$ cat query.cif   # mmCIF, C-alpha atoms
data_model
#
loop_
_atom_site.group_PDB
_atom_site.id
_atom_site.type_symbol
_atom_site.label_atom_id
_atom_site.label_comp_id
_atom_site.auth_asym_id
_atom_site.auth_seq_id
_atom_site.Cartn_x
_atom_site.Cartn_y
_atom_site.Cartn_z
ATOM 1 C CA MET A 547 0.000 0.000 0.000
ATOM 2 C CA LYS A 548 1.257 3.452 -0.956
ATOM 3 C CA CYS A 549 0.764 6.813 0.691
ATOM 4 C CA GLU A 550 -1.662 7.897 -2.056
ATOM 5 C CA ASP A 551 -3.891 4.907 -1.247
ATOM 6 C CA ILE A 552 -4.141 6.152 2.320
ATOM 7 C CA LEU A 553 -5.676 9.396 1.110
ATOM 8 C CA LYS A 554 -8.402 7.477 -0.725
ATOM 9 C CA MET A 555 -9.248 5.401 2.319
ATOM 10 C CA LEU A 556 -8.767 8.047 4.939
ATOM 11 C CA ASN A 557 -12.463 8.621 5.645
ATOM 12 C CA ASP A 558 -13.357 4.985 5.969
ATOM 13 C CA TYR A 559 -10.327 4.287 8.147
ATOM 14 C CA VAL A 560 -10.992 7.240 10.460
ATOM 15 C CA ASP A 561 -14.665 6.236 10.686
ATOM 16 C CA GLY A 562 -13.767 2.590 11.381
ATOM 17 C CA ASP A 563 -15.826 1.652 8.337
ATOM 18 C CA ILE A 564 -13.306 -0.452 6.454
ATOM 19 C CA ASP A 565 -12.820 -4.062 5.454
ATOM 20 C CA PRO A 566 -10.706 -5.768 8.178
ATOM 21 C CA GLU A 567 -8.177 -7.086 5.660
ATOM 22 C CA VAL A 568 -7.667 -3.675 4.048
ATOM 23 C CA CYS A 569 -7.518 -2.175 7.504
ATOM 24 C CA GLU A 570 -4.691 -4.503 8.441
ATOM 25 C CA ASN A 571 -2.700 -3.494 5.335
ATOM 26 C CA LEU A 572 -3.340 0.133 6.056
ATOM 27 C CA GLN A 573 -2.282 -0.290 9.668
ATOM 28 C CA GLU A 574 0.974 -1.883 8.496
ATOM 29 C CA HIS A 575 1.628 1.128 6.278
ATOM 30 C CA LEU A 576 0.912 3.526 9.127
ATOM 31 C CA ASP A 577 3.301 1.652 11.397
ATOM 32 C CA ASP A 578 6.083 2.301 8.878
ATOM 33 C CA CYS A 579 5.110 5.754 7.654
ATOM 34 C CA ASN A 580 5.191 8.466 10.271
ATOM 35 C CA PRO A 581 3.791 11.306 8.121
ATOM 36 C CA CYS A 582 0.704 9.265 7.165
ATOM 37 C CA ARG A 583 0.199 8.223 10.780
ATOM 38 C CA VAL A 584 0.416 11.846 11.900
ATOM 39 C CA VAL A 585 -2.077 12.973 9.223
ATOM 40 C CA VAL A 586 -4.536 10.341 10.480
ATOM 41 C CA ASP A 587 -3.931 11.445 14.098
ATOM 42 C CA ASN A 588 -4.345 15.112 13.126
ATOM 43 C CA ILE A 589 -7.682 14.389 11.461
ATOM 44 C CA ARG A 590 -8.964 12.489 14.483
ATOM 45 C CA GLN A 591 -7.826 15.342 16.728
ATOM 46 C CA THR A 592 -9.469 17.914 14.441
ATOM 47 C CA ILE A 593 -12.794 16.104 14.679
ATOM 48 C CA GLU A 594 -12.469 15.617 18.443
ATOM 49 C CA LEU A 595 -11.606 19.284 18.958
ATOM 50 C CA TYR A 596 -14.717 20.439 17.094
ATOM 51 C CA GLN A 597 -16.879 17.961 18.999
ATOM 52 C CA GLU A 598 -15.465 19.097 22.344
ATOM 53 C CA GLU A 599 -15.955 22.743 21.425
ATOM 54 C CA GLU A 600 -19.569 22.097 20.470
ATOM 55 C CA LYS A 601 -20.301 20.787 23.973
ATOM 56 C CA LEU A 602 -19.236 24.140 25.424
ATOM 57 C CA VAL A 603 -21.394 26.369 23.238
ATOM 58 C CA GLU A 604 -23.748 28.569 25.259
ATOM 59 C CA LEU A 605 -26.679 30.690 24.186
ATOM 60 C CA PRO A 606 -26.291 34.473 24.312
ATOM 61 C CA ILE A 607 -27.700 35.270 27.744
ATOM 62 C CA HIS A 608 -30.377 37.743 26.617
ATOM 63 C CA PHE A 609 -31.679 35.239 24.085
ATOM 64 C CA ARG A 610 -31.646 32.451 26.643
ATOM 65 C CA HIS A 611 -33.983 34.390 28.963
ATOM 66 C CA ARG A 612 -36.266 35.275 26.092
ATOM 67 C CA LEU A 613 -36.361 31.666 24.870
ATOM 68 C CA HIS A 614 -37.206 30.185 28.263
ATOM 69 C CA ASP A 615 -39.918 32.799 28.899
ATOM 70 C CA ARG A 616 -41.468 32.126 25.514
ATOM 71 C CA LEU A 617 -41.396 28.350 25.956
ATOM 72 C CA ARG A 618 -42.963 28.608 29.405
ATOM 73 C CA GLU A 619 -45.691 30.838 28.036
ATOM 74 C CA CYS A 620 -46.446 28.478 25.142
ATOM 75 C CA TRP A 621 -46.396 25.439 27.423
ATOM 76 C CA GLN A 622 -48.945 27.005 29.758
ATOM 77 C CA GLN A 623 -51.106 28.050 26.830
ATOM 78 C CA LYS A 624 -50.966 24.582 25.246
ATOM 79 C CA HIS A 625 -51.786 22.760 28.475
ATOM 80 C CA SER A 626 -54.542 25.136 29.499
ATOM 81 C CA ASP A 627 -56.099 24.730 26.034
ATOM 82 C CA GLU A 628 -55.896 20.946 26.384
ATOM 83 C CA ALA A 629 -57.509 21.084 29.818
ATOM 84 C CA THR A 630 -60.523 23.009 28.580
ATOM 85 C CA MET B 219 -26.881 13.425 30.956
ATOM 86 C CA THR B 220 -27.396 9.692 30.462
ATOM 87 C CA THR B 221 -29.886 8.136 28.061
ATOM 88 C CA THR B 222 -31.942 7.000 31.076
ATOM 89 C CA ASP B 223 -32.079 10.548 32.441
ATOM 90 C CA THR B 224 -33.162 11.856 29.056
ATOM 91 C CA SER B 225 -35.827 9.160 28.672
ATOM 92 C CA GLU B 226 -37.240 9.889 32.119
ATOM 93 C CA LEU B 227 -37.350 13.628 31.464
ATOM 94 C CA VAL B 228 -39.064 13.088 28.122
ATOM 95 C CA GLU B 229 -41.679 10.862 29.745
ATOM 96 C CA GLN B 230 -42.280 13.424 32.500
ATOM 97 C CA ALA B 231 -42.569 16.196 29.921
ATOM 98 C CA GLN B 232 -45.012 14.066 27.933
ATOM 99 C CA ASP B 233 -47.086 13.906 31.128
ATOM 100 C CA GLY B 234 -47.197 17.707 31.206
ATOM 101 C CA ASP B 235 -44.228 18.567 33.467
ATOM 102 C CA PHE B 236 -42.689 21.837 32.230
ATOM 103 C CA ALA B 237 -39.729 21.605 34.630
ATOM 104 C CA ALA B 238 -38.712 18.340 32.936
ATOM 105 C CA PHE B 239 -39.071 19.909 29.498
ATOM 106 C CA GLU B 240 -36.991 22.871 30.600
ATOM 107 C CA GLN B 241 -34.226 20.547 31.786
ATOM 108 C CA LEU B 242 -34.165 19.045 28.316
ATOM 109 C CA VAL B 243 -33.962 22.543 26.868
ATOM 110 C CA ASN B 244 -31.023 23.332 29.195
ATOM 111 C CA GLU B 245 -29.290 20.181 28.042
ATOM 112 C CA TYR B 246 -29.696 20.698 24.300
ATOM 113 C CA GLU B 247 -29.965 24.448 23.711
ATOM 114 C CA GLY B 248 -26.200 25.016 23.310
ATOM 115 C CA LEU B 249 -25.860 22.075 20.957
ATOM 116 C CA LEU B 250 -28.701 23.297 18.725
ATOM 117 C CA TYR B 251 -27.371 26.835 18.735
ATOM 118 C CA GLY B 252 -23.881 25.615 17.769
ATOM 119 C CA LEU B 253 -25.320 23.462 14.993
ATOM 120 C CA ALA B 254 -27.435 26.283 13.565
ATOM 121 C CA LEU B 255 -24.733 28.916 13.883
ATOM 122 C CA LYS B 256 -22.188 26.747 12.105
ATOM 123 C CA ILE B 257 -24.599 26.101 9.245
ATOM 124 C CA LEU B 258 -26.092 29.579 8.921
ATOM 125 C CA LYS B 259 -23.287 31.783 10.316
ATOM 126 C CA LYS B 260 -25.755 34.446 11.513
ATOM 127 C CA PRO B 261 -26.574 34.561 15.245
ATOM 128 C CA ALA B 262 -30.092 35.917 14.639
ATOM 129 C CA ASP B 263 -30.899 33.017 12.289
ATOM 130 C CA ALA B 264 -29.390 30.532 14.755
ATOM 131 C CA GLU B 265 -31.635 31.940 17.499
ATOM 132 C CA ASP B 266 -34.661 31.443 15.234
ATOM 133 C CA VAL B 267 -33.668 27.826 14.646
ATOM 134 C CA VAL B 268 -33.296 27.131 18.372
ATOM 135 C CA GLN B 269 -36.649 28.682 19.223
ATOM 136 C CA ASN B 270 -38.494 27.070 16.287
ATOM 137 C CA SER B 271 -37.001 23.671 17.108
ATOM 138 C CA PHE B 272 -38.030 23.682 20.759
ATOM 139 C CA MET B 273 -41.494 24.995 19.849
ATOM 140 C CA LYS B 274 -41.902 22.183 17.351
ATOM 141 C CA ALA B 275 -40.539 19.658 19.858
ATOM 142 C CA MET B 276 -43.063 20.891 22.420
ATOM 143 C CA ASP B 277 -45.848 20.564 19.902
ATOM 144 C CA LYS B 278 -44.897 17.082 18.693
ATOM 145 C CA LEU B 279 -43.562 15.651 21.954
ATOM 146 C CA SER B 280 -46.559 13.380 22.449
ATOM 147 C CA ASP B 281 -45.819 11.783 19.038
ATOM 148 C CA LEU B 282 -42.305 10.751 20.077
ATOM 149 C CA ARG B 283 -42.537 6.995 20.647
ATOM 150 C CA GLU B 284 -38.946 6.425 21.716
ATOM 151 C CA PRO B 285 -37.991 8.861 24.489
ATOM 152 C CA ARG B 286 -34.329 7.789 24.347
ATOM 153 C CA ALA B 287 -34.182 9.022 20.741
ATOM 154 C CA PHE B 288 -35.081 12.555 21.851
ATOM 155 C CA GLY B 289 -31.633 14.046 21.135
ATOM 156 C CA ALA B 290 -31.397 12.679 17.605
ATOM 157 C CA TRP B 291 -35.020 13.654 16.919
ATOM 158 C CA LEU B 292 -34.427 17.196 18.136
ATOM 159 C CA LYS B 293 -31.250 17.549 16.073
ATOM 160 C CA ARG B 294 -33.148 16.392 13.014
ATOM 161 C CA ILE B 295 -35.785 19.052 13.618
ATOM 162 C CA ALA B 296 -33.088 21.732 14.018
ATOM 163 C CA THR B 297 -31.124 20.567 10.968
ATOM 164 C CA ASN B 298 -34.209 20.634 8.771
ATOM 165 C CA ASN B 299 -35.146 24.059 10.045
ATOM 166 C CA ALA B 300 -31.640 25.456 9.495
ATOM 167 C CA LEU B 301 -31.539 24.077 5.949
ATOM 168 C CA GLN B 302 -34.996 25.495 5.262
ATOM 169 C CA ILE B 303 -33.706 28.939 6.234
ATOM 170 C CA LEU B 304 -30.668 28.409 4.041
ATOM 171 C CA ARG B 305 -32.805 27.487 1.042
ATOM 172 C CA ARG B 306 -35.098 30.432 1.641
ATOM 173 C CA ARG B 307 -32.111 32.736 1.948
ATOM 174 C CA ARG B 308 -30.762 31.502 -1.368
ATOM 175 C CA GLY B 309 -34.152 31.780 -3.034
ATOM 176 C CA LEU B 310 -34.317 28.062 -3.603
ATOM 177 C CA PRO B 311 -37.540 26.955 -1.940
ATOM 178 C CA MET B 312 -37.730 23.504 -3.505
ATOM 179 C CA VAL B 313 -34.377 23.078 -5.162
ATOM 180 C CA SER B 314 -31.431 21.131 -3.884
ATOM 181 C CA LEU B 315 -28.754 23.182 -2.153
ATOM 182 C CA ASP B 316 -26.324 21.387 -4.384
ATOM 183 C CA ALA B 317 -27.167 23.576 -7.360
ATOM 184 C CA ALA B 318 -26.154 26.688 -5.500
ATOM 185 C CA THR B 319 -22.904 25.631 -3.915
ATOM 186 C CA GLU B 320 -19.407 26.435 -4.916
ATOM 187 C CA PRO B 321 -16.550 24.172 -5.877
ATOM 188 C CA ASP B 322 -17.772 20.843 -6.847
ATOM 189 C CA GLU B 323 -16.160 17.492 -7.099
ATOM 190 C CA ASP B 324 -13.904 18.320 -10.004
ATOM 191 C CA GLY B 325 -10.263 19.129 -9.455
ATOM 192 C CA ARG B 326 -7.997 17.192 -7.184
ATOM 193 C CA ILE B 327 -7.892 16.272 -3.540
ATOM 194 C CA PRO B 328 -4.977 18.241 -2.108
ATOM 195 C CA ASN B 329 -2.171 16.407 -0.398
ATOM 196 C CA PRO B 330 -1.486 17.148 3.245
ATOM 197 C CA GLU B 331 1.325 19.713 3.359
ATOM 198 C CA TYR B 332 1.963 20.810 6.912
ATOM 199 C CA ILE B 333 2.393 17.602 8.864
ATOM 200 C CA ALA B 334 3.249 17.821 12.548
ATOM 201 C CA GLU B 335 2.068 16.163 15.734
ATOM 202 C CA TRP B 336 -0.108 18.237 18.025
ATOM 203 C CA SER B 337 1.379 18.677 21.446
ATOM 204 C CA GLN B 338 -1.890 19.314 23.294
ATOM 205 C CA ASP B 339 -5.021 17.361 23.995
ATOM 206 C CA PRO B 340 -8.151 18.464 22.035
ATOM 207 C CA ALA B 341 -10.358 18.221 25.151
ATOM 208 C CA GLU B 342 -8.149 20.804 26.888
ATOM 209 C CA LEU B 343 -7.669 22.981 23.813
ATOM 210 C CA ALA B 344 -11.442 23.288 23.398
ATOM 211 C CA HIS B 345 -11.644 25.395 26.575
ATOM 212 C CA ARG B 346 -9.316 28.108 25.261
ATOM 213 C CA ARG B 347 -10.962 31.218 23.873
ATOM 214 C CA ASP B 348 -8.267 31.732 21.198
ATOM 215 C CA ILE B 349 -8.651 28.152 20.005
ATOM 216 C CA ARG B 350 -12.434 28.445 19.812
ATOM 217 C CA SER B 351 -12.008 31.515 17.688
ATOM 218 C CA LEU B 352 -9.511 29.639 15.495
ATOM 219 C CA LEU B 353 -12.027 26.820 15.015
ATOM 220 C CA GLY B 354 -14.709 29.274 13.912
ATOM 221 C CA GLN B 355 -12.346 31.025 11.551
ATOM 222 C CA ALA B 356 -11.150 27.767 9.973
ATOM 223 C CA LEU B 357 -14.738 26.636 9.385
ATOM 224 C CA ASP B 358 -15.614 30.011 7.872
ATOM 225 C CA GLU B 359 -12.748 29.705 5.421
ATOM 226 C CA ILE B 360 -13.776 26.423 3.824
ATOM 227 C CA PRO B 361 -16.543 26.319 1.184
ATOM 228 C CA ASP B 362 -20.113 26.206 2.505
ATOM 229 C CA SER B 363 -20.787 22.837 0.904
ATOM 230 C CA TYR B 364 -17.863 21.244 2.776
ATOM 231 C CA ARG B 365 -18.736 22.995 6.036
ATOM 232 C CA TRP B 366 -22.331 21.722 6.066
ATOM 233 C CA VAL B 367 -21.187 18.139 5.546
ATOM 234 C CA PHE B 368 -18.494 18.391 8.237
ATOM 235 C CA VAL B 369 -20.906 19.938 10.745
ATOM 236 C CA LEU B 370 -23.594 17.320 10.192
ATOM 237 C CA ARG B 371 -21.353 14.237 9.859
ATOM 238 C CA ASP B 372 -18.439 14.892 12.165
ATOM 239 C CA ILE B 373 -19.670 17.332 14.766
ATOM 240 C CA HIS B 374 -23.251 16.153 15.060
ATOM 241 C CA GLY B 375 -22.856 12.492 14.156
ATOM 242 C CA LEU B 376 -25.373 12.113 11.336
ATOM 243 C CA SER B 377 -24.739 9.092 9.131
ATOM 244 C CA THR B 378 -23.620 9.474 5.519
ATOM 245 C CA ARG B 379 -27.126 8.595 4.385
ATOM 246 C CA GLU B 380 -28.797 11.064 6.774
ATOM 247 C CA THR B 381 -26.423 13.823 5.685
ATOM 248 C CA ALA B 382 -27.043 13.058 2.018
ATOM 249 C CA ASN B 383 -30.817 13.148 2.564
ATOM 250 C CA ALA B 384 -30.695 16.391 4.533
ATOM 251 C CA LEU B 385 -28.553 18.166 1.945
ATOM 252 C CA GLU B 386 -30.182 16.417 -1.027
ATOM 253 C CA ILE B 387 -26.877 15.276 -2.453
ATOM 254 C CA SER B 388 -25.548 11.782 -3.177
ATOM 255 C CA GLN B 389 -23.795 9.718 -0.520
ATOM 256 C CA ALA B 390 -20.722 9.640 -2.763
ATOM 257 C CA ASN B 391 -20.646 13.441 -2.722
ATOM 258 C CA VAL B 392 -21.009 13.481 1.055
ATOM 259 C CA LYS B 393 -17.923 11.298 1.299
ATOM 260 C CA VAL B 394 -15.810 13.388 -1.058
ATOM 261 C CA ARG B 395 -16.832 16.661 0.573
ATOM 262 C CA LEU B 396 -16.194 15.237 4.009
ATOM 263 C CA LEU B 397 -12.700 14.197 2.976
ATOM 264 C CA ARG B 398 -12.000 17.646 1.543
ATOM 265 C CA ALA B 399 -13.362 19.328 4.674
ATOM 266 C CA ARG B 400 -11.335 17.124 7.007
ATOM 267 C CA LEU B 401 -8.142 17.670 5.041
ATOM 268 C CA ALA B 402 -8.662 21.427 4.781
ATOM 269 C CA LEU B 403 -9.448 21.840 8.472
ATOM 270 C CA ARG B 404 -6.561 19.569 9.471
ATOM 271 C CA GLU B 405 -4.195 21.701 7.418
ATOM 272 C CA LYS B 406 -5.420 24.976 8.937
ATOM 273 C CA LEU B 407 -5.450 23.752 12.531
ATOM 274 C CA THR B 408 -2.146 21.927 12.312
ATOM 275 C CA LYS B 409 -0.394 25.085 11.115
ATOM 276 C CA VAL B 410 -1.292 26.576 14.489
ATOM 277 C CA LEU B 411 -1.473 23.539 16.775
ATOM 278 C CA GLY B 412 1.235 21.332 15.249
ATOM 279 C CA ASP B 413 4.512 21.257 17.116
ATOM 280 C CA PRO B 414 7.122 22.883 14.787
ATOM 281 C CA GLN B 415 9.784 20.738 16.477
ATOM 282 C CA ARG B 416 8.012 17.709 15.066
ATOM 283 C CA LEU B 417 7.400 18.961 11.552
ATOM 284 C CA MET B 418 7.763 16.201 8.960
ATOM 285 C CA HIS B 419 6.977 17.383 5.456
ATOM 286 C CA SER B 420 10.388 17.455 3.816
ATOM 287 C CA THR B 421 10.939 14.075 2.213
ATOM 288 C CA HIS B 422 7.421 12.739 2.335
ATOM 289 C CA ASP B 423 5.900 12.148 -1.070
ATOM 290 C CA HIS B 424 2.360 10.865 -1.372
ATOM 291 C CA GLY B 425 2.996 10.096 -5.021
ATOM 292 C CA GLY B 426 0.761 12.798 -6.468
ATOM 293 C CA SER B 427 -2.575 14.031 -5.242
ATOM 294 C CA ALA B 428 -5.592 11.801 -5.496
ATOM 295 C CA ASP B 429 -7.945 12.498 -8.322
ATOM 296 C CA ALA B 430 -11.417 13.487 -7.164
ATOM 297 C CA ASP B 431 -13.099 11.641 -10.039
ATOM 298 C CA SER B 432 -11.404 8.398 -9.118
ATOM 299 C CA LEU B 433 -12.478 8.936 -5.505
ATOM 300 C CA LEU B 434 -16.059 9.537 -6.553
ATOM 301 C CA ASN B 435 -15.955 6.371 -8.661
ATOM 302 C CA LEU B 436 -14.496 4.458 -5.748
ATOM 303 C CA TYR B 437 -17.280 5.654 -3.423
ATOM 304 C CA ARG B 438 -19.953 5.007 -6.052
ATOM 305 C CA SER B 439 -18.788 1.446 -6.570
ATOM 306 C CA GLU B 440 -18.704 0.928 -2.792
ATOM 307 C CA LEU B 441 -22.251 2.206 -2.488
ATOM 308 C CA GLN B 442 -23.357 -0.046 -5.334
ATOM 309 C CA GLU B 443 -21.894 -3.022 -3.512
ATOM 310 C CA VAL B 444 -23.790 -2.033 -0.391
ATOM 311 C CA HIS B 445 -27.054 -1.852 -2.283
ATOM 312 C CA THR B 446 -26.651 -5.080 -4.264
#

$ encode --input "query.cif" --output "structure tokens"
Amino acid sequence: MKCEDILKMLNDYVDGDIDPEVCENLQEHLDDCNPCRVVVDNIRQTIELYQEEEKLVELPIHFRHRLHDRLRECWQQKHSDEAT
Amino acid sequence: MTTTDTSELVEQAQDGDFAAFEQLVNEYEGLLYGLALKILKKPADAEDVVQNSFMKAMDKLSDLREPRAFGAWLKRIATNNALQILRRRRGLPMVSLDAATEPDEDGRIPNPEYIAEWSQDPAELAHRRDIRSLLGQALDEIPDSYRWVFVLRDIHGLSTRETANALEISQANVKVRLLRARLALREKLTKVLGDPQRLMHSTHDHGGSADADSLLNLYRSELQEVHT
């Protein structure tokens, strides 16, 4: 397996969605080819970093108050309508 | 929050408990806002998506048969709403977003250029304000069509099929765009986060960049195999 083949299979390898036999060949290449291994690591870290950042996103505070007030209002309206 | 917690809160909310519903809102509001903001780029539009999504969730909550699927269901509502806004913004009420997006799958997949190990852990980096701004900037710099795929597939965990359906593009195109997005973002982030002491680009030759057409063909043949 050559470095250019890695590029073609990068997605499937990173996603763990690859034929076990091909995966083994690819793993052998990565064991011998530091740059390819680092590219794969970098991509995994890139994805992880974005996922971690997404967990920390907060609403703008003024909007958050407005949203919760509006939802409470609608909830009360909906349930009072259902009760009558 | 565990799946059990979520399921219990959904069931309580289905029984009319607003406090339970509000806990679900607390849990998911940031995630929905992040999703919408990354797709639409405008805070006011992202706020609309968050509010519309929770209103719709409130309205349809009694129809949700699997409480543990609440998160995925809510994300689907928000994704559809964000893409609706996008289509409206582009004046394409019924047309695929594909027709309006920039660079398509011609040209070549660029080789990685700046290759260096990162010296810090992503979970720690995510807390730094400068890094969060870098992440936003990097996403803003890649084409919209790659950004949408990356946001849905990698950040929010939609499958290839779900992403293709949401964006009305083929699964093969999702795969190619995802690869381009991952490579582009890796390049941008590694230039800042890669350890220059461990730079390794000098003698490494990937033997020419991969041709996008051959990649598309590869993905198409894979998909055919899956369907036959």

$ closest_residue --input "query.cif" --among "B:Glu247, B:Leu255, B:Pro261, B:Arg283" --to "Glu229 in chain B" --atoms "all atoms listed in the file"
B:Arg283

$ resolve_selection --input "query.cif" --expression "the PyMOL selection byres ((chain B and resi 334) around 7)" --output "list in words"
Val584 of chain A; Tyr332, Ile333, Glu335, Trp336, Thr408, Gly412, Asp413, Pro414, Arg416, Leu417 and Met418 of chain B

$ residues_around --input "query.cif" --residues "Asn557 in chain A" --least-positions-apart "5" --cutoff "9 Å" --atoms "only C-alpha atoms" --output "list of chain:residue names"
A:Gly562, A:Asp563, B:Lys393, B:Val394, B:Leu396, B:Leu397, B:Arg400

$ interface_residues --input "query.cif" --of "chain A" --to "chain B" --cutoff "8 Å" --atoms "only C-alpha atoms" --output "MDAnalysis selection string"
chainID A and resid 548:550 553:554 556:557 581 584:585 587:589 591:605 609 613:614 617:618 621 625

$ atom_distance --input "query.cif" --atom1 "CA of Ile552 in chain A" --atom2 "CA of Val586 in chain A"
9.2 Å

$ atom_distance --input "query.cif" --atom1 "CA of Asp565 in chain A" --atom2 "CA of Ala382 in chain B"
22.5 Å

$ residues_around --input "query.cif" --residues "Ser225 in chain B" --least-positions-apart "4" --cutoff "9 Å" --atoms "all atoms listed in the file" --output "list in words"
Thr220, Thr221, Glu229, Gln230, Glu284, Pro285, Arg286, Ala287 and Phe288 of chain B

$ write_last_selection --input "query.cif" --atoms "C-alpha atoms" --output "PDB file, in the frame of the given file"
ATOM      1  CA  THR B 220     -27.396   9.692  30.462  1.00  0.00           C
ATOM      2  CA  THR B 221     -29.886   8.136  28.061  1.00  0.00           C
ATOM      3  CA  GLU B 229     -41.679  10.862  29.745  1.00  0.00           C
ATOM      4  CA  GLN B 230     -42.280  13.424  32.500  1.00  0.00           C
ATOM      5  CA  GLU B 284     -38.946   6.425  21.716  1.00  0.00           C
ATOM      6  CA  PRO B 285     -37.991   8.861  24.489  1.00  0.00           C
ATOM      7  CA  ARG B 286     -34.329   7.789  24.347  1.00  0.00           C
ATOM      8  CA  ALA B 287     -34.182   9.022  20.741  1.00  0.00           C
ATOM      9  CA  PHE B 288     -35.081  12.555  21.851  1.00  0.00           C
TER      10      PHE B 288
END
